[in-house]
Amino acid sequence: MLAGMAYFFYAQSSKRTLPDGLIQANGRIEGDHVIVSPKIANRIADLRVREGDTVVAGQILAMLDDSQANARVKQLESAANAARAQVDAAKSAYAVLKKEVPNAIDIAGANLSRARHSAAKAQASAQQAARESERVRMLVERHFIDAQRAEQADLALTAVRSDEHSAQDAVRQADKQLADARLGWDRLQAKAAEIAALEAQLAQAQAALEEAHSVLDDLAIKAPSAGVVLTRFRDKGEVLGAGSPIFDIVDLDKLYLNVYVPETLIGKVRLNLPARLYTDTFPDTPFAATVKTISSRAEFTPKEVQTQDERTKLTYAVRLYLDKNPDHRLTPGLPADAVIRWKEGVEWTRPRW
């Protein structure tokens with residue numbers, strides 16, 4: 001009889017003992033909390049989720065009043081469009097000048113060259129006429145020819161000198177035309193400077209418009225990550241200050257299990273050891289986890305631990321982070337059992353309570 005009872009208690013004890021190299025523990029799944037707050041002060045126009053709702057990253061959770069922001073965007077869009085039109089008009093004028101100025105300079109240069117050539121010919125003709133007039137005058141004084149021939153030579157000289165003066169006037173006019181044409185380069189540079197100034201104004205207008213769009217985008221309060229809404233702090237119509245909390249979300253991609261390991265076993269637990277989590281919700285699916293945190297201070301075992309004798313022992317808190325949460329099947333609050341493998345090669349075994 002006594003032997004049978006001893007065997008019974010031994011069998012029950014052995015059932016609860018895992019192979020050497022494995023440590024079992026339990027706790028509840030928790031997650032990293034994210035407090036969702038607005039960047040700017042405003043009034044809540046719409047709330048789209050409640051406590052317990054599952055959300056995905058980027059999902060709009062709430063909308064703040066956007067009437068003023070929309071008006072600001074429209075105003076700045078008009079200003080940016082006007083600035084862009086000024087830049088386009090200035091660039092068109094610059095393109096025209098860029099073609100006209102070289103052509104004008106070429107034409108003025110050709111005119112000046114022709115005028116100088118004509119002036120040179122007129123000057124040569126005037127010099128020839130002056131020599132002819134002097135020769136005729138000498139012949140008249142010696143009575144070789146009559147005085148009428150001298151008058152004719154003087155008239156011819158006067159006409160030729162008039163042509164010379166006209167040619168010189170044409171040179172001066174052509175030279176002024178070339179100088180005016182070359183001033184086109186100054187106008188071209190001035191137009192380029194005007195374009196640069198207008199483009200700077202356009203850049204300022206576009207920057208202001210982008211800022212206004214950013215403010216408008218910030219009025220849509222979005223989920224920073226996938227998770228579950230644990231708390232909704234505000235109601236529709238409330239006016240918020242910048243940074244005031246609206247939602248408390250738990251990130252479903254960063255879940256962990258807090259467990260407590262007895263001081264007799266804590267020396268075997270190291271960072272980055274593999275672990276497996278088991279839940280009643282998915283009894284046939286173990287979830288891979290990793291030891292990421294080991295407390296350096298001992299504490300009494302929490303009351304949630306299974307057996308009474310274990311509750312009186314000093315334990316160390318160990319945090320096991322899930323490697324993955326497929327389809328976000330695990331959520332905060334689920335009880336879970338864990339097996340930590342501290343010796344390589346040991347076959348995984350379910351917890352035995």
# chains A, B, ... in the order shown; residues from 1 in each chain; ligands from 1

$ residues_around --residues "segment 210-215 of chain A" --least-positions-apart "5" --cutoff "9 Å" --atoms "only C-alpha atoms" --output "VMD selection string"
chain A and resid 39 to 40 69 to 70 72 to 73 76 205

$ write_last_selection --atoms "all heavy atoms" --output "compact mmCIF listing (two decimals), in the first residue's frame"
# COMPACT_ATOMS: atom_id res chain seq x y z
N LYS A 39 -0.10 66.33 -33.03
CA LYS A 39 1.05 67.21 -33.00
C LYS A 39 0.66 68.66 -32.70
O LYS A 39 1.48 69.43 -32.20
CB LYS A 39 1.78 67.17 -34.35
CG LYS A 39 2.43 65.84 -34.67
CD LYS A 39 3.16 65.92 -35.99
CE LYS A 39 3.83 64.60 -36.34
NZ LYS A 39 4.54 64.66 -37.65
N ILE A 40 -0.58 69.02 -33.04
CA ILE A 40 -1.01 70.40 -32.86
C ILE A 40 -2.34 70.42 -32.11
O ILE A 40 -3.08 69.43 -32.08
CB ILE A 40 -1.18 71.11 -34.23
CG1 ILE A 40 -2.16 70.33 -35.13
CG2 ILE A 40 0.15 71.27 -34.93
CD1 ILE A 40 -2.41 70.98 -36.46
N ALA A 69 -7.26 74.55 -41.97
CA ALA A 69 -6.11 74.02 -42.69
C ALA A 69 -6.40 73.93 -44.19
O ALA A 69 -5.53 74.23 -45.03
CB ALA A 69 -5.73 72.64 -42.14
N ASN A 70 -7.62 73.53 -44.56
CA ASN A 70 -7.98 73.46 -45.98
C ASN A 70 -7.98 74.84 -46.61
O ASN A 70 -7.52 75.01 -47.75
CB ASN A 70 -9.35 72.81 -46.14
CG ASN A 70 -9.27 71.29 -46.19
OD1 ASN A 70 -8.38 70.74 -46.82
ND2 ASN A 70 -10.19 70.61 -45.53
N ARG A 72 -6.22 77.38 -45.67
CA ARG A 72 -4.82 77.79 -45.79
C ARG A 72 -4.16 77.13 -46.99
O ARG A 72 -3.40 77.78 -47.73
CB ARG A 72 -4.08 77.41 -44.51
CG ARG A 72 -2.59 77.70 -44.49
CD ARG A 72 -2.31 79.17 -44.55
NE ARG A 72 -0.89 79.44 -44.38
CZ ARG A 72 -0.31 80.60 -44.67
NH1 ARG A 72 -1.03 81.60 -45.14
NH2 ARG A 72 0.99 80.76 -44.47
N VAL A 73 -4.44 75.87 -47.22
CA VAL A 73 -3.86 75.16 -48.36
C VAL A 73 -4.32 75.80 -49.67
O VAL A 73 -3.51 76.03 -50.59
CB VAL A 73 -4.25 73.66 -48.33
CG1 VAL A 73 -3.95 72.98 -49.66
CG2 VAL A 73 -3.49 72.95 -47.21
N LEU A 76 -2.50 79.14 -50.23
CA LEU A 76 -1.10 78.97 -50.62
C LEU A 76 -0.97 78.32 -52.00
O LEU A 76 0.01 78.58 -52.70
CB LEU A 76 -0.38 78.12 -49.57
CG LEU A 76 -0.21 78.82 -48.21
CD1 LEU A 76 0.40 77.85 -47.19
CD2 LEU A 76 0.67 80.06 -48.35
N ALA A 205 7.05 79.84 -51.69
CA ALA A 205 5.61 79.55 -51.76
C ALA A 205 5.36 78.04 -51.72
O ALA A 205 4.43 77.58 -51.05
CB ALA A 205 5.02 80.15 -53.04

$ closest_residue --among "A:Arg84, A:Asn258, A:Gln177, A:Ala159" --to "Ile105 of chain A" --atoms "only C-alpha atoms"
A:Gln177

$ select_by_dssp --residues "segment 22-159 of chain A" --states "helix (DSSP H, G or I)" --output "MDAnalysis selection string"
chainID A and resid 67:141 147:159

$ residues_around --residues "Asp337 of chain A" --least-positions-apart "6" --cutoff "8 Å" --atoms "only C-alpha atoms" --output "list in words"
Gln24, Ala25, Asn26, Gly27, Leu277, Tyr278, Thr279 and Pro351 of chain A

$ closest_residue --among "A:Glu344, A:Leu219, A:Ala93, A:Gly31" --to "Gln68 of chain A" --atoms "only C-alpha atoms"
A:Leu219

$ closest_residue --among "A:Lys292, A:Asp323, A:Leu202, A:Pro335" --to "Gln86 of chain A" --atoms "only C-alpha atoms"
A:Leu202

$ residues_around --residues "Asp53 of chain A" --least-positions-apart "3" --cutoff "10 Å" --atoms "only C-alpha atoms" --output "PDB file with N, CA, C and O atoms, in the first residue's frame"
ATOM      1  N   ARG A  48     -12.926  57.139 -34.962  1.00  0.00           N
ATOM      2  CA  ARG A  48     -13.277  56.009 -35.813  1.00  0.00           C
ATOM      3  C   ARG A  48     -13.025  54.643 -35.179  1.00  0.00           C
ATOM      4  O   ARG A  48     -13.321  53.619 -35.808  1.00  0.00           O
ATOM      5  N   VAL A  49     -12.456  54.586 -33.983  1.00  0.00           N
ATOM      6  CA  VAL A  49     -12.220  53.294 -33.324  1.00  0.00           C
ATOM      7  C   VAL A  49     -12.571  53.405 -31.850  1.00  0.00           C
ATOM      8  O   VAL A  49     -12.648  54.504 -31.286  1.00  0.00           O
ATOM      9  N   ARG A  50     -12.780  52.235 -31.239  1.00  0.00           N
ATOM     10  CA  ARG A  50     -13.090  52.163 -29.808  1.00  0.00           C
ATOM     11  C   ARG A  50     -12.144  51.185 -29.134  1.00  0.00           C
ATOM     12  O   ARG A  50     -11.343  50.516 -29.791  1.00  0.00           O
ATOM     13  N   GLY A 227      -1.986  47.033 -33.924  1.00  0.00           N
ATOM     14  CA  GLY A 227      -2.190  46.764 -32.511  1.00  0.00           C
ATOM     15  C   GLY A 227      -3.652  46.724 -32.135  1.00  0.00           C
ATOM     16  O   GLY A 227      -4.543  46.674 -32.990  1.00  0.00           O
ATOM     17  N   VAL A 228      -3.858  46.750 -30.844  1.00  0.00           N
ATOM     18  CA  VAL A 228      -5.205  46.746 -30.280  1.00  0.00           C
ATOM     19  C   VAL A 228      -5.382  48.012 -29.458  1.00  0.00           C
ATOM     20  O   VAL A 228      -4.495  48.395 -28.683  1.00  0.00           O
ATOM     21  N   VAL A 229      -6.529  48.675 -29.622  1.00  0.00           N
ATOM     22  CA  VAL A 229      -6.819  49.883 -28.852  1.00  0.00           C
ATOM     23  C   VAL A 229      -7.223  49.465 -27.439  1.00  0.00           C
ATOM     24  O   VAL A 229      -8.260  48.839 -27.235  1.00  0.00           O
ATOM     25  N   LEU A 230      -6.386  49.789 -26.478  1.00  0.00           N
ATOM     26  CA  LEU A 230      -6.697  49.463 -25.090  1.00  0.00           C
ATOM     27  C   LEU A 230      -7.562  50.535 -24.443  1.00  0.00           C
ATOM     28  O   LEU A 230      -8.490  50.223 -23.692  1.00  0.00           O
ATOM     29  N   THR A 231      -7.247  51.808 -24.732  1.00  0.00           N
ATOM     30  CA  THR A 231      -7.972  52.905 -24.088  1.00  0.00           C
ATOM     31  C   THR A 231      -8.202  54.023 -25.085  1.00  0.00           C
ATOM     32  O   THR A 231      -7.312  54.351 -25.873  1.00  0.00           O
ATOM     33  N   ILE A 249      -2.467  52.217 -27.594  1.00  0.00           N
ATOM     34  CA  ILE A 249      -2.454  51.051 -28.475  1.00  0.00           C
ATOM     35  C   ILE A 249      -1.306  50.146 -28.077  1.00  0.00           C
ATOM     36  O   ILE A 249      -0.216  50.604 -27.741  1.00  0.00           O
TER      37      ILE A 249
END

$ residues_around --residues "segment 156-158 of chain A" --least-positions-apart "5" --cutoff "7 Å" --atoms "only C-alpha atoms" --output "list in words"
Ala126, Ala129, Ala130 and Ser133 of chain A

$ residues_around --residues "Glu132 of chain A" --least-positions-apart "6" --cutoff "12 Å" --atoms "only C-alpha atoms" --output "VMD selection string"
chain A and resid 125 to 126 138 to 139 149 to 157 160

$ closest_residue --among "A:Leu334, A:Val96, A:Arg319, A:Phe247" --to "Phe282 of chain A" --atoms "only C-alpha atoms"
A:Leu334

$ residues_around --residues "Ile60 of chain A" --least-positions-apart "5" --cutoff "9 Å" --atoms "only C-alpha atoms" --output "PyMOL selection string"
chain A and resi 48-49+55+220-223

$ write_last_selection --atoms "N, CA, C and O atoms" --output "PDB file, in the first residue's frame"
ATOM      1  N   ARG A  48     -12.926  57.139 -34.962  1.00  0.00           N
ATOM      2  CA  ARG A  48     -13.277  56.009 -35.813  1.00  0.00           C
ATOM      3  C   ARG A  48     -13.025  54.643 -35.179  1.00  0.00           C
ATOM      4  O   ARG A  48     -13.321  53.619 -35.808  1.00  0.00           O
ATOM      5  N   VAL A  49     -12.456  54.586 -33.983  1.00  0.00           N
ATOM      6  CA  VAL A  49     -12.220  53.294 -33.324  1.00  0.00           C
ATOM      7  C   VAL A  49     -12.571  53.405 -31.850  1.00  0.00           C
ATOM      8  O   VAL A  49     -12.648  54.504 -31.286  1.00  0.00           O
ATOM      9  N   VAL A  55      -6.340  47.466 -35.044  1.00  0.00           N
ATOM     10  CA  VAL A  55      -6.014  48.441 -36.081  1.00  0.00           C
ATOM     11  C   VAL A  55      -4.732  48.017 -36.778  1.00  0.00           C
ATOM     12  O   VAL A  55      -3.934  47.240 -36.245  1.00  0.00           O
ATOM     13  N   ALA A 220      -5.141  64.108 -39.622  1.00  0.00           N
ATOM     14  CA  ALA A 220      -5.609  62.713 -39.667  1.00  0.00           C
ATOM     15  C   ALA A 220      -4.732  61.910 -38.715  1.00  0.00           C
ATOM     16  O   ALA A 220      -3.557  61.658 -39.001  1.00  0.00           O
ATOM     17  N   ILE A 221      -5.265  61.531 -37.577  1.00  0.00           N
ATOM     18  CA  ILE A 221      -4.506  60.811 -36.563  1.00  0.00           C
ATOM     19  C   ILE A 221      -4.458  59.339 -36.959  1.00  0.00           C
ATOM     20  O   ILE A 221      -5.490  58.664 -37.004  1.00  0.00           O
ATOM     21  N   LYS A 222      -3.248  58.842 -37.247  1.00  0.00           N
ATOM     22  CA  LYS A 222      -3.088  57.486 -37.770  1.00  0.00           C
ATOM     23  C   LYS A 222      -2.392  56.581 -36.760  1.00  0.00           C
ATOM     24  O   LYS A 222      -1.643  57.047 -35.910  1.00  0.00           O
ATOM     25  N   ALA A 223      -2.661  55.298 -36.903  1.00  0.00           N
ATOM     26  CA  ALA A 223      -2.018  54.303 -36.035  1.00  0.00           C
ATOM     27  C   ALA A 223      -0.557  54.170 -36.434  1.00  0.00           C
ATOM     28  O   ALA A 223      -0.259  53.916 -37.602  1.00  0.00           O
TER      29      ALA A 223
END

$ closest_residue --among "A:Phe233, A:Leu240, A:Gln204, A:Glu347" --to "Glu51 of chain A" --atoms "only C-alpha atoms"
A:Phe233

$ select_by_dssp --residues "segment 218-289 of chain A" --states "strand (DSSP E)" --output "NGL selection string"
:A and (220-222 or 227-232 or 239-240 or 247-262 or 274-278 or 287-289)

$ closest_residue --among "A:Ala197, A:Ala192, A:Ala167, A:Leu178" --to "Ala124 of chain A" --atoms "only C-alpha atoms"
A:Ala167
